[in-house]
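model.pdb follows; it contains PDB, C-alpha atoms and all ligand atoms.
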```pdb
ATOM      1  CA  MET A  27      25.365   5.805  -6.112  1.00  0.00           C
ATOM      2  CA  SER A  28      22.298   4.298  -7.718  1.00  0.00           C
ATOM      3  CA  LYS A  29      18.875   5.060  -6.335  1.00  0.00           C
ATOM      4  CA  GLY A  30      16.911   2.585  -4.269  1.00  0.00           C
ATOM      5  CA  GLN A  31      13.964   0.607  -5.533  1.00  0.00           C
ATOM      6  CA  LEU A  32      10.439   1.503  -4.482  1.00  0.00           C
ATOM      7  CA  ILE A  33       8.462  -1.691  -3.829  1.00  0.00           C
ATOM      8  CA  VAL A  34       4.680  -1.401  -3.666  1.00  0.00           C
ATOM      9  CA  TYR A  35       3.245  -4.376  -1.875  1.00  0.00           C
ATOM     10  CA  SER A  36      -0.491  -5.063  -1.613  1.00  0.00           C
ATOM     11  CA  GLY A  37      -2.976  -7.800  -0.906  1.00  0.00           C
ATOM     12  CA  PRO A  38      -6.205  -8.167   1.014  1.00  0.00           C
ATOM     13  CA  SER A  39      -6.320  -8.035   4.776  1.00  0.00           C
ATOM     14  CA  GLY A  40      -5.521 -11.471   6.264  1.00  0.00           C
ATOM     15  CA  VAL A  41      -3.555 -12.757   3.268  1.00  0.00           C
ATOM     16  CA  GLY A  42      -0.311 -12.870   5.254  1.00  0.00           C
ATOM     17  CA  LYS A  43       1.533  -9.931   3.706  1.00  0.00           C
ATOM     18  CA  GLY A  44       3.445  -9.133   6.883  1.00  0.00           C
ATOM     19  CA  THR A  45       4.432 -12.756   7.577  1.00  0.00           C
ATOM     20  CA  LEU A  46       5.791 -13.031   4.050  1.00  0.00           C
ATOM     21  CA  MET A  47       7.658  -9.734   4.015  1.00  0.00           C
ATOM     22  CA  TYR A  48       9.148  -9.856   7.522  1.00  0.00           C
ATOM     23  CA  PRO A  49      11.910 -12.414   6.794  1.00  0.00           C
ATOM     24  CA  TYR A  50      12.775 -10.577   3.576  1.00  0.00           C
ATOM     25  CA  LEU A  51      13.393  -7.387   5.541  1.00  0.00           C
ATOM     26  CA  GLN A  52      15.423  -9.280   8.144  1.00  0.00           C
ATOM     27  CA  GLU A  53      17.689 -10.711   5.492  1.00  0.00           C
ATOM     28  CA  HIS A  54      17.929  -7.537   3.422  1.00  0.00           C
ATOM     29  CA  PRO A  55      19.156  -4.590   5.480  1.00  0.00           C
ATOM     30  CA  GLU A  56      19.204  -2.533   2.273  1.00  0.00           C
ATOM     31  CA  ALA A  57      15.383  -2.666   2.287  1.00  0.00           C
ATOM     32  CA  VAL A  58      13.191  -0.816   4.773  1.00  0.00           C
ATOM     33  CA  LEU A  59       9.470  -0.773   5.416  1.00  0.00           C
ATOM     34  CA  SER A  60       7.792   2.617   5.295  1.00  0.00           C
ATOM     35  CA  ILE A  61       5.703   3.355   8.398  1.00  0.00           C
ATOM     36  CA  SER A  62       2.322   4.703   7.361  1.00  0.00           C
ATOM     37  CA  MET A  63       0.127   7.213   9.086  1.00  0.00           C
ATOM     38  CA  THR A  64      -3.431   6.209   9.939  1.00  0.00           C
ATOM     39  CA  THR A  65      -6.496   7.484  11.756  1.00  0.00           C
ATOM     40  CA  ARG A  66      -7.604   3.978  12.762  1.00  0.00           C
ATOM     41  CA  GLN A  67      -7.335   2.878  16.390  1.00  0.00           C
ATOM     42  CA  PRO A  68      -4.304   0.750  17.344  1.00  0.00           C
ATOM     43  CA  ARG A  69      -5.057  -2.976  17.680  1.00  0.00           C
ATOM     44  CA  PRO A  70      -3.922  -4.741  20.850  1.00  0.00           C
ATOM     45  CA  GLY A  71      -0.143  -5.052  20.710  1.00  0.00           C
ATOM     46  CA  GLU A  72       0.372  -2.243  18.196  1.00  0.00           C
ATOM     47  CA  THR A  73       2.626   0.656  19.154  1.00  0.00           C
ATOM     48  CA  ASP A  74       2.658   4.186  17.804  1.00  0.00           C
ATOM     49  CA  GLY A  75       5.656   4.657  15.517  1.00  0.00           C
ATOM     50  CA  VAL A  76       6.172   0.907  15.003  1.00  0.00           C
ATOM     51  CA  GLU A  77       3.260  -0.516  12.977  1.00  0.00           C
ATOM     52  CA  TYR A  78       1.836   2.935  12.197  1.00  0.00           C
ATOM     53  CA  TYR A  79       1.871   6.536  13.289  1.00  0.00           C
ATOM     54  CA  PHE A  80      -1.570   6.735  14.845  1.00  0.00           C
ATOM     55  CA  VAL A  81      -2.927  10.250  14.385  1.00  0.00           C
ATOM     56  CA  SER A  82      -6.196  12.193  14.626  1.00  0.00           C
ATOM     57  CA  HIS A  83      -8.298  13.130  11.598  1.00  0.00           C
ATOM     58  CA  GLU A  84      -7.167  16.738  12.046  1.00  0.00           C
ATOM     59  CA  GLU A  85      -3.483  15.813  12.031  1.00  0.00           C
ATOM     60  CA  PHE A  86      -3.963  13.606   8.962  1.00  0.00           C
ATOM     61  CA  GLU A  87      -5.773  16.320   7.043  1.00  0.00           C
ATOM     62  CA  LYS A  88      -3.034  18.791   7.970  1.00  0.00           C
ATOM     63  CA  GLN A  89      -0.503  16.408   6.373  1.00  0.00           C
ATOM     64  CA  ILE A  90      -2.617  16.241   3.215  1.00  0.00           C
ATOM     65  CA  ILE A  91      -2.751  20.033   2.948  1.00  0.00           C
ATOM     66  CA  GLN A  92       0.991  20.372   3.599  1.00  0.00           C
ATOM     67  CA  ASP A  93       1.729  17.784   0.879  1.00  0.00           C
ATOM     68  CA  GLY A  94       3.427  15.613   3.475  1.00  0.00           C
ATOM     69  CA  LEU A  95       2.040  12.375   2.033  1.00  0.00           C
ATOM     70  CA  LEU A  96       3.271  10.521  -1.049  1.00  0.00           C
ATOM     71  CA  GLU A  97      -0.189   8.971  -1.373  1.00  0.00           C
ATOM     72  CA  TYR A  98      -3.174   8.401   0.849  1.00  0.00           C
ATOM     73  CA  ALA A  99      -6.522   6.645   0.717  1.00  0.00           C
ATOM     74  CA  ARG A 100      -9.636   6.075   2.758  1.00  0.00           C
ATOM     75  CA  TYR A 101     -10.141   2.450   3.707  1.00  0.00           C
ATOM     76  CA  SER A 102     -12.804   0.951   6.010  1.00  0.00           C
ATOM     77  CA  GLY A 103     -13.728   4.438   7.228  1.00  0.00           C
ATOM     78  CA  ASN A 104     -10.191   5.560   8.079  1.00  0.00           C
ATOM     79  CA  TYR A 105      -7.376   7.435   6.406  1.00  0.00           C
ATOM     80  CA  TYR A 106      -4.095   5.677   5.590  1.00  0.00           C
ATOM     81  CA  GLY A 107      -1.119   7.446   4.006  1.00  0.00           C
ATOM     82  CA  THR A 108       2.601   7.218   3.276  1.00  0.00           C
ATOM     83  CA  PRO A 109       4.774   9.965   4.812  1.00  0.00           C
ATOM     84  CA  ARG A 110       6.674  11.446   1.868  1.00  0.00           C
ATOM     85  CA  LYS A 111       9.951  12.563   3.476  1.00  0.00           C
ATOM     86  CA  MET A 112      11.292   9.217   4.703  1.00  0.00           C
ATOM     87  CA  VAL A 113      10.551   7.451   1.404  1.00  0.00           C
ATOM     88  CA  GLU A 114      12.163  10.105  -0.782  1.00  0.00           C
ATOM     89  CA  GLU A 115      15.259  10.346   1.441  1.00  0.00           C
ATOM     90  CA  ARG A 116      15.835   6.593   1.614  1.00  0.00           C
ATOM     91  CA  ILE A 117      15.379   6.096  -2.125  1.00  0.00           C
ATOM     92  CA  GLN A 118      17.911   8.896  -2.776  1.00  0.00           C
ATOM     93  CA  GLN A 119      20.330   7.220  -0.360  1.00  0.00           C
ATOM     94  CA  GLY A 120      20.094   3.984  -2.346  1.00  0.00           C
ATOM     95  CA  GLN A 121      17.873   2.043   0.041  1.00  0.00           C
ATOM     96  CA  ASP A 122      14.894   0.030  -1.153  1.00  0.00           C
ATOM     97  CA  VAL A 123      11.611   1.087   0.428  1.00  0.00           C
ATOM     98  CA  VAL A 124       8.598  -1.191   0.792  1.00  0.00           C
ATOM     99  CA  LEU A 125       5.139   0.395   0.883  1.00  0.00           C
ATOM    100  CA  GLU A 126       2.587  -2.034   2.261  1.00  0.00           C
ATOM    101  CA  ILE A 127      -0.503  -0.198   1.041  1.00  0.00           C
ATOM    102  CA  GLU A 128      -3.934  -0.830  -0.413  1.00  0.00           C
ATOM    103  CA  VAL A 129      -4.792  -0.636  -4.083  1.00  0.00           C
ATOM    104  CA  GLN A 130      -6.049   2.955  -4.432  1.00  0.00           C
ATOM    105  CA  GLY A 131      -2.797   4.249  -2.968  1.00  0.00           C
ATOM    106  CA  ALA A 132      -0.803   1.808  -5.097  1.00  0.00           C
ATOM    107  CA  MET A 133      -2.377   3.185  -8.252  1.00  0.00           C
ATOM    108  CA  LYS A 134      -1.485   6.737  -7.214  1.00  0.00           C
ATOM    109  CA  ILE A 135       2.129   5.615  -6.808  1.00  0.00           C
ATOM    110  CA  LYS A 136       1.964   4.076 -10.285  1.00  0.00           C
ATOM    111  CA  GLN A 137       1.334   7.567 -11.646  1.00  0.00           C
ATOM    112  CA  SER A 138       3.997   9.364  -9.617  1.00  0.00           C
ATOM    113  CA  TYR A 139       6.628   6.565  -9.544  1.00  0.00           C
ATOM    114  CA  PRO A 140       6.231   4.509 -12.737  1.00  0.00           C
ATOM    115  CA  ASP A 141       9.566   2.780 -11.972  1.00  0.00           C
ATOM    116  CA  ALA A 142       8.262   1.259  -8.757  1.00  0.00           C
ATOM    117  CA  VAL A 143       7.665  -2.486  -8.759  1.00  0.00           C
ATOM    118  CA  PHE A 144       4.124  -3.586  -7.927  1.00  0.00           C
ATOM    119  CA  ILE A 145       3.603  -6.881  -6.093  1.00  0.00           C
ATOM    120  CA  PHE A 146       0.242  -8.348  -5.055  1.00  0.00           C
ATOM    121  CA  VAL A 147      -0.270 -11.249  -2.641  1.00  0.00           C
ATOM    122  CA  LEU A 148      -3.189 -13.588  -3.350  1.00  0.00           C
ATOM    123  CA  PRO A 149      -4.638 -16.274  -1.079  1.00  0.00           C
ATOM    124  CA  PRO A 150      -4.931 -19.788  -2.556  1.00  0.00           C
ATOM    125  CA  SER A 151      -8.737 -19.344  -2.310  1.00  0.00           C
ATOM    126  CA  PHE A 152     -11.298 -16.938  -0.891  1.00  0.00           C
ATOM    127  CA  SER A 153     -12.363 -19.370   1.847  1.00  0.00           C
ATOM    128  CA  VAL A 154      -8.762 -19.607   3.092  1.00  0.00           C
ATOM    129  CA  LEU A 155      -8.696 -15.824   3.348  1.00  0.00           C
ATOM    130  CA  GLU A 156     -11.970 -15.717   5.257  1.00  0.00           C
ATOM    131  CA  ALA A 157     -10.724 -18.336   7.730  1.00  0.00           C
ATOM    132  CA  ARG A 158      -7.471 -16.427   8.307  1.00  0.00           C
ATOM    133  CA  LEU A 159      -9.328 -13.181   8.873  1.00  0.00           C
ATOM    134  CA  ARG A 160     -11.710 -14.725  11.403  1.00  0.00           C
ATOM    135  CA  GLY A 161      -8.865 -16.616  13.075  1.00  0.00           C
ATOM    136  CA  ARG A 162      -7.149 -13.354  13.970  1.00  0.00           C
ATOM    137  CA  GLY A 163     -10.012 -12.777  16.425  1.00  0.00           C
ATOM    138  CA  THR A 164      -9.238  -9.139  17.108  1.00  0.00           C
ATOM    139  CA  GLU A 165     -12.156  -7.539  15.291  1.00  0.00           C
ATOM    140  CA  SER A 166     -15.931  -7.404  15.522  1.00  0.00           C
ATOM    141  CA  GLU A 167     -18.200  -9.258  13.071  1.00  0.00           C
ATOM    142  CA  GLU A 168     -19.131  -5.921  11.508  1.00  0.00           C
ATOM    143  CA  VAL A 169     -15.497  -5.022  10.870  1.00  0.00           C
ATOM    144  CA  ILE A 170     -14.784  -8.514   9.494  1.00  0.00           C
ATOM    145  CA  ALA A 171     -17.756  -8.320   7.106  1.00  0.00           C
ATOM    146  CA  ALA A 172     -16.565  -4.936   5.837  1.00  0.00           C
ATOM    147  CA  ARG A 173     -13.032  -6.273   5.379  1.00  0.00           C
ATOM    148  CA  LEU A 174     -14.270  -9.352   3.491  1.00  0.00           C
ATOM    149  CA  ALA A 175     -16.250  -7.149   1.127  1.00  0.00           C
ATOM    150  CA  ALA A 176     -13.178  -4.942   0.656  1.00  0.00           C
ATOM    151  CA  ALA A 177     -11.025  -8.044   0.104  1.00  0.00           C
ATOM    152  CA  LYS A 178     -13.352  -9.265  -2.667  1.00  0.00           C
ATOM    153  CA  ARG A 179     -13.064  -5.932  -4.454  1.00  0.00           C
ATOM    154  CA  GLU A 180      -9.300  -5.845  -3.968  1.00  0.00           C
ATOM    155  CA  LEU A 181      -8.726  -9.344  -5.318  1.00  0.00           C
ATOM    156  CA  GLY A 182     -10.202  -8.105  -8.586  1.00  0.00           C
ATOM    157  CA  THR A 183      -7.445  -5.497  -8.876  1.00  0.00           C
ATOM    158  CA  ALA A 184      -4.553  -7.982  -8.718  1.00  0.00           C
ATOM    159  CA  ALA A 185      -4.158  -7.822 -12.497  1.00  0.00           C
ATOM    160  CA  LEU A 186      -3.031  -4.178 -12.236  1.00  0.00           C
ATOM    161  CA  TYR A 187       0.188  -5.307 -10.537  1.00  0.00           C
ATOM    162  CA  ASP A 188       3.465  -6.509 -12.091  1.00  0.00           C
ATOM    163  CA  TYR A 189       3.861  -9.672 -10.007  1.00  0.00           C
ATOM    164  CA  ILE A 190       1.486 -11.994  -8.136  1.00  0.00           C
ATOM    165  CA  ILE A 191       2.601 -14.087  -5.172  1.00  0.00           C
ATOM    166  CA  VAL A 192       0.137 -16.813  -4.153  1.00  0.00           C
ATOM    167  CA  ASN A 193       0.537 -17.380  -0.422  1.00  0.00           C
ATOM    168  CA  ASP A 194      -0.187 -21.121  -0.403  1.00  0.00           C
ATOM    169  CA  ASP A 195       2.927 -22.615   1.115  1.00  0.00           C
ATOM    170  CA  LEU A 196       4.750 -20.004   3.219  1.00  0.00           C
ATOM    171  CA  GLU A 197       8.294 -21.144   2.401  1.00  0.00           C
ATOM    172  CA  GLN A 198       7.602 -21.319  -1.328  1.00  0.00           C
ATOM    173  CA  ALA A 199       5.871 -17.944  -1.272  1.00  0.00           C
ATOM    174  CA  ARG A 200       8.885 -16.423   0.535  1.00  0.00           C
ATOM    175  CA  LYS A 201      11.227 -17.772  -2.118  1.00  0.00           C
ATOM    176  CA  ARG A 202       9.045 -16.344  -4.868  1.00  0.00           C
ATOM    177  CA  LEU A 203       8.938 -12.940  -3.178  1.00  0.00           C
ATOM    178  CA  GLU A 204      12.734 -12.956  -2.922  1.00  0.00           C
ATOM    179  CA  ALA A 205      13.048 -13.923  -6.603  1.00  0.00           C
ATOM    180  CA  VAL A 206      10.567 -11.299  -7.769  1.00  0.00           C
ATOM    181  CA  ILE A 207      12.323  -8.437  -5.959  1.00  0.00           C
ATOM    182  CA  ALA A 208      15.733  -9.632  -7.181  1.00  0.00           C
ATOM    183  CA  ALA A 209      14.432  -9.784 -10.766  1.00  0.00           C
ATOM    184  CA  ALA A 210      12.803  -6.363 -10.498  1.00  0.00           C
ATOM    185  CA  LYS A 211      16.109  -4.858  -9.376  1.00  0.00           C
ATOM    186  CA  CYS A 212      17.920  -6.317 -12.391  1.00  0.00           C
ATOM    187  CA  GLN A 213      15.646  -4.639 -14.923  1.00  0.00           C
ATOM    188  CA  THR A 214      17.522  -2.477 -17.401  1.00  0.00           C
ATOM    189  CA  LYS A 215      15.489   0.600 -16.490  1.00  0.00           C
ATOM    190  CA  TYR A 216      16.770   0.453 -12.888  1.00  0.00           C
ATOM    191  CA  MET A 217      20.351  -0.192 -13.990  1.00  0.00           C
ATOM    192  CA  LYS A 218      20.674   2.851 -16.308  1.00  0.00           C
ATOM    193  CA  ASP A 219      22.869   4.850 -13.879  1.00  0.00           C
ATOM    194  CA  PHE A 220      25.055   1.820 -13.281  1.00  0.00           C
ATOM    195  CA  ILE A 221      25.480   1.161 -17.023  1.00  0.00           C
ATOM    196  CA  ASP A 222      26.534   4.815 -17.468  1.00  0.00           C
ATOM    197  CA  GLU A 223      29.009   4.524 -14.616  1.00  0.00           C
ATOM    198  CA  VAL A 224      30.594   1.334 -15.934  1.00  0.00           C
ATOM    199  CA  THR A 225      30.846   2.585 -19.486  1.00  0.00           C
ATOM    200  CA  LYS A 226      32.140   6.110 -18.841  1.00  0.00           C
TER     201      LYS A 226
HETATM  202  P1  LIG B   1      -4.843  -2.456   8.504  1.00  0.00           P
HETATM  203  O1  LIG B   1      -5.870  -1.577   9.147  1.00  0.00           O
HETATM  204  O2  LIG B   1      -5.306  -3.890   8.405  1.00  0.00           O
HETATM  205  O3  LIG B   1      -3.490  -2.321   9.170  1.00  0.00           O
HETATM  206  O4  LIG B   1      -4.655  -1.939   7.011  1.00  0.00           O
HETATM  207  C1  LIG B   1      -5.724  -1.823   6.143  1.00  0.00           C
HETATM  208  C2  LIG B   1      -5.224  -1.614   4.734  1.00  0.00           C
HETATM  209  O5  LIG B   1      -4.584  -0.344   4.613  1.00  0.00           O
HETATM  210  C3  LIG B   1      -4.198  -2.655   4.292  1.00  0.00           C
HETATM  211  O6  LIG B   1      -4.539  -3.078   2.975  1.00  0.00           O
HETATM  212  C4  LIG B   1      -2.909  -1.877   4.284  1.00  0.00           C
HETATM  213  O7  LIG B   1      -1.982  -2.394   3.337  1.00  0.00           O
HETATM  214  C5  LIG B   1      -3.403  -0.512   3.876  1.00  0.00           C
HETATM  215  N1  LIG B   1      -2.465   0.557   4.198  1.00  0.00           N
HETATM  216  C6  LIG B   1      -1.593   0.633   5.227  1.00  0.00           C
HETATM  217  N2  LIG B   1      -0.892   1.755   5.165  1.00  0.00           N
HETATM  218  C7  LIG B   1      -1.279   2.408   4.051  1.00  0.00           C
HETATM  219  C8  LIG B   1      -0.872   3.638   3.426  1.00  0.00           C
HETATM  220  O8  LIG B   1       0.014   4.366   3.868  1.00  0.00           O
HETATM  221  N3  LIG B   1      -1.517   3.990   2.280  1.00  0.00           N
HETATM  222  C9  LIG B   1      -2.506   3.232   1.739  1.00  0.00           C
HETATM  223  N4  LIG B   1      -3.055   3.652   0.601  1.00  0.00           N
HETATM  224  N5  LIG B   1      -2.889   2.064   2.300  1.00  0.00           N
HETATM  225  C10 LIG B   1      -2.289   1.668   3.438  1.00  0.00           C
END
```

Starting from the file, lay out its structure as structure tokens.
Ligand code: 5GP
Amino acid sequence: MSKGQLIVYSGPSGVGKGTLMYPYLQEHPEAVLSISMTTRQPRPGETDGVEYYFVSHEEFEKQIIQDGLLEYARYSGNYYGTPRKMVEERIQQGQDVVLEIEVQGAMKIKQSYPDAVFIFVLPPSFSVLEARLRGRGTESEEVIAARLAAAKRELGTAALYDYIIVNDDLEQARKRLEAVIAAAKCQTKYMKDFIDEVTK
């Protein structure tokens, strides 16, 4: 059985990453979203074990020491990290795993998993992003200002990724995401095992 594809998926807060990815995951049962661990507080409506595993600083640092994380980063004063076990197991079982992570973590994955595909979501403009972030209305002005500053820095890292999806029109952006993942999975480097199998 061929291995699954690791999909690293980034973009600034408020760009609509989740809205874009959700229908993909619904339509592709072979792909699963990794649930990250974080020390940030849950937002209203978020549930432990669904959006994130919400843990204490102590628990997070224990995971770091025990090498339980595939990557981790500090972002807006909190830790965020990818639990290693689930990702490695699913990839071995042939499932595709999506990591919705920020850029520092993405670059760590680039070193440890060079075969992963790296996708970045861009807003059509910075003002659109700002409006979306404010429209969410769940965070204080201080948090929003910090996130906007982080978003500006992150936008500058888009060129480090393999594919860029501009989230202008949602339907079009969804189609492009679908096409990009399909193309990534057809690359010769991912098909090596299959070529061997067919030709043996
Ligand atoms: P939020 O607090 O808005 O849910 O997430 C803040 C940022 O952390 C987002 O850019 C999100 O993609 C990123 N993030 C979520 N989980 C992880 C993770 O496991 N590792 C890293 N490096 N970033 C993450």

Ligand LIG 1 (chain B) neighbours within 10 Å using all atoms listed in the file, as a PDB file with C-alpha atoms, in the frame of the given file:
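Result file out04.pdb:
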```pdb
ATOM      1  CA  VAL A  34       4.680  -1.401  -3.666  1.00  0.00           C
ATOM      2  CA  TYR A  35       3.245  -4.376  -1.875  1.00  0.00           C
ATOM      3  CA  SER A  36      -0.491  -5.063  -1.613  1.00  0.00           C
ATOM      4  CA  GLY A  37      -2.976  -7.800  -0.906  1.00  0.00           C
ATOM      5  CA  PRO A  38      -6.205  -8.167   1.014  1.00  0.00           C
ATOM      6  CA  SER A  39      -6.320  -8.035   4.776  1.00  0.00           C
ATOM      7  CA  GLY A  40      -5.521 -11.471   6.264  1.00  0.00           C
ATOM      8  CA  VAL A  41      -3.555 -12.757   3.268  1.00  0.00           C
ATOM      9  CA  LYS A  43       1.533  -9.931   3.706  1.00  0.00           C
ATOM     10  CA  GLY A  44       3.445  -9.133   6.883  1.00  0.00           C
ATOM     11  CA  SER A  60       7.792   2.617   5.295  1.00  0.00           C
ATOM     12  CA  ILE A  61       5.703   3.355   8.398  1.00  0.00           C
ATOM     13  CA  SER A  62       2.322   4.703   7.361  1.00  0.00           C
ATOM     14  CA  MET A  63       0.127   7.213   9.086  1.00  0.00           C
ATOM     15  CA  THR A  64      -3.431   6.209   9.939  1.00  0.00           C
ATOM     16  CA  THR A  65      -6.496   7.484  11.756  1.00  0.00           C
ATOM     17  CA  ARG A  66      -7.604   3.978  12.762  1.00  0.00           C
ATOM     18  CA  GLN A  67      -7.335   2.878  16.390  1.00  0.00           C
ATOM     19  CA  PRO A  68      -4.304   0.750  17.344  1.00  0.00           C
ATOM     20  CA  ARG A  69      -5.057  -2.976  17.680  1.00  0.00           C
ATOM     21  CA  GLU A  72       0.372  -2.243  18.196  1.00  0.00           C
ATOM     22  CA  GLU A  77       3.260  -0.516  12.977  1.00  0.00           C
ATOM     23  CA  TYR A  78       1.836   2.935  12.197  1.00  0.00           C
ATOM     24  CA  TYR A  79       1.871   6.536  13.289  1.00  0.00           C
ATOM     25  CA  LEU A  95       2.040  12.375   2.033  1.00  0.00           C
ATOM     26  CA  LEU A  96       3.271  10.521  -1.049  1.00  0.00           C
ATOM     27  CA  GLU A  97      -0.189   8.971  -1.373  1.00  0.00           C
ATOM     28  CA  TYR A  98      -3.174   8.401   0.849  1.00  0.00           C
ATOM     29  CA  ALA A  99      -6.522   6.645   0.717  1.00  0.00           C
ATOM     30  CA  ARG A 100      -9.636   6.075   2.758  1.00  0.00           C
ATOM     31  CA  TYR A 101     -10.141   2.450   3.707  1.00  0.00           C
ATOM     32  CA  SER A 102     -12.804   0.951   6.010  1.00  0.00           C
ATOM     33  CA  ASN A 104     -10.191   5.560   8.079  1.00  0.00           C
ATOM     34  CA  TYR A 105      -7.376   7.435   6.406  1.00  0.00           C
ATOM     35  CA  TYR A 106      -4.095   5.677   5.590  1.00  0.00           C
ATOM     36  CA  GLY A 107      -1.119   7.446   4.006  1.00  0.00           C
ATOM     37  CA  THR A 108       2.601   7.218   3.276  1.00  0.00           C
ATOM     38  CA  PRO A 109       4.774   9.965   4.812  1.00  0.00           C
ATOM     39  CA  ARG A 110       6.674  11.446   1.868  1.00  0.00           C
ATOM     40  CA  LEU A 125       5.139   0.395   0.883  1.00  0.00           C
ATOM     41  CA  GLU A 126       2.587  -2.034   2.261  1.00  0.00           C
ATOM     42  CA  ILE A 127      -0.503  -0.198   1.041  1.00  0.00           C
ATOM     43  CA  GLU A 128      -3.934  -0.830  -0.413  1.00  0.00           C
ATOM     44  CA  VAL A 129      -4.792  -0.636  -4.083  1.00  0.00           C
ATOM     45  CA  GLN A 130      -6.049   2.955  -4.432  1.00  0.00           C
ATOM     46  CA  GLY A 131      -2.797   4.249  -2.968  1.00  0.00           C
ATOM     47  CA  ALA A 132      -0.803   1.808  -5.097  1.00  0.00           C
ATOM     48  CA  MET A 133      -2.377   3.185  -8.252  1.00  0.00           C
ATOM     49  CA  LYS A 134      -1.485   6.737  -7.214  1.00  0.00           C
ATOM     50  CA  ILE A 135       2.129   5.615  -6.808  1.00  0.00           C
ATOM     51  CA  ARG A 173     -13.032  -6.273   5.379  1.00  0.00           C
ATOM     52  CA  ALA A 176     -13.178  -4.942   0.656  1.00  0.00           C
ATOM     53  CA  ALA A 177     -11.025  -8.044   0.104  1.00  0.00           C
ATOM     54  CA  GLU A 180      -9.300  -5.845  -3.968  1.00  0.00           C
TER      55      GLU A 180
END
```

message: Using only C-alpha atoms, can you tell me which of A:Glu165, A:Tyr50, A:His83, A:Lys178 comes closest to Gly103 of chain A?
response: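 The answer is A:His83, which sits nearest to Gly103 of chain A.
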
message: As an exercise, work out the distance from atom CA of Phe146 of chain A to atom CA of Asp188 of chain A in Å and give it to one decimal place.
response: 8.0 Å

- prompt: Please, what distance in Å, to one decimal, runs between atom CA of Tyr187 of chain A and atom CA of Lys136 of chain A?
  reply: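 Going from atom CA of Tyr187 of chain A over to atom CA of Lys136 of chain A covers 9.6 Å.
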
message: To one decimal place in Å, what is the distance between atom CA of Glu197 of chain A and atom CA of Ala185 of chain A?
response: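 Spanning atom CA of Glu197 of chain A to atom CA of Ala185 of chain A is a straight-line distance of 23.5 Å.
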
message: Show me, as a PyMOL selection string, the residues that have an atom within 12 Å of Asn193 of chain A when counting all atoms listed in the file, minus same-chain residues fewer than 4 positions from it.
response: chain A and resi 37-38+40-47+146-152+154-155+158+197-203

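The nearest approach to Gly163 of chain A among the residues A:Glu84, A:Pro70, A:Asp194, A:Leu59, with all atoms listed in the file taken into account, belongs to A:Pro70.
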
- request: Expand the PyMOL selection byres (((chain A and resi 57) around 8) and not hetatm) into the individual residues it matches in the shown file, reporting them as a PyMOL selection string.
  value: chain A and resi 51+54-56+58-59+121-124
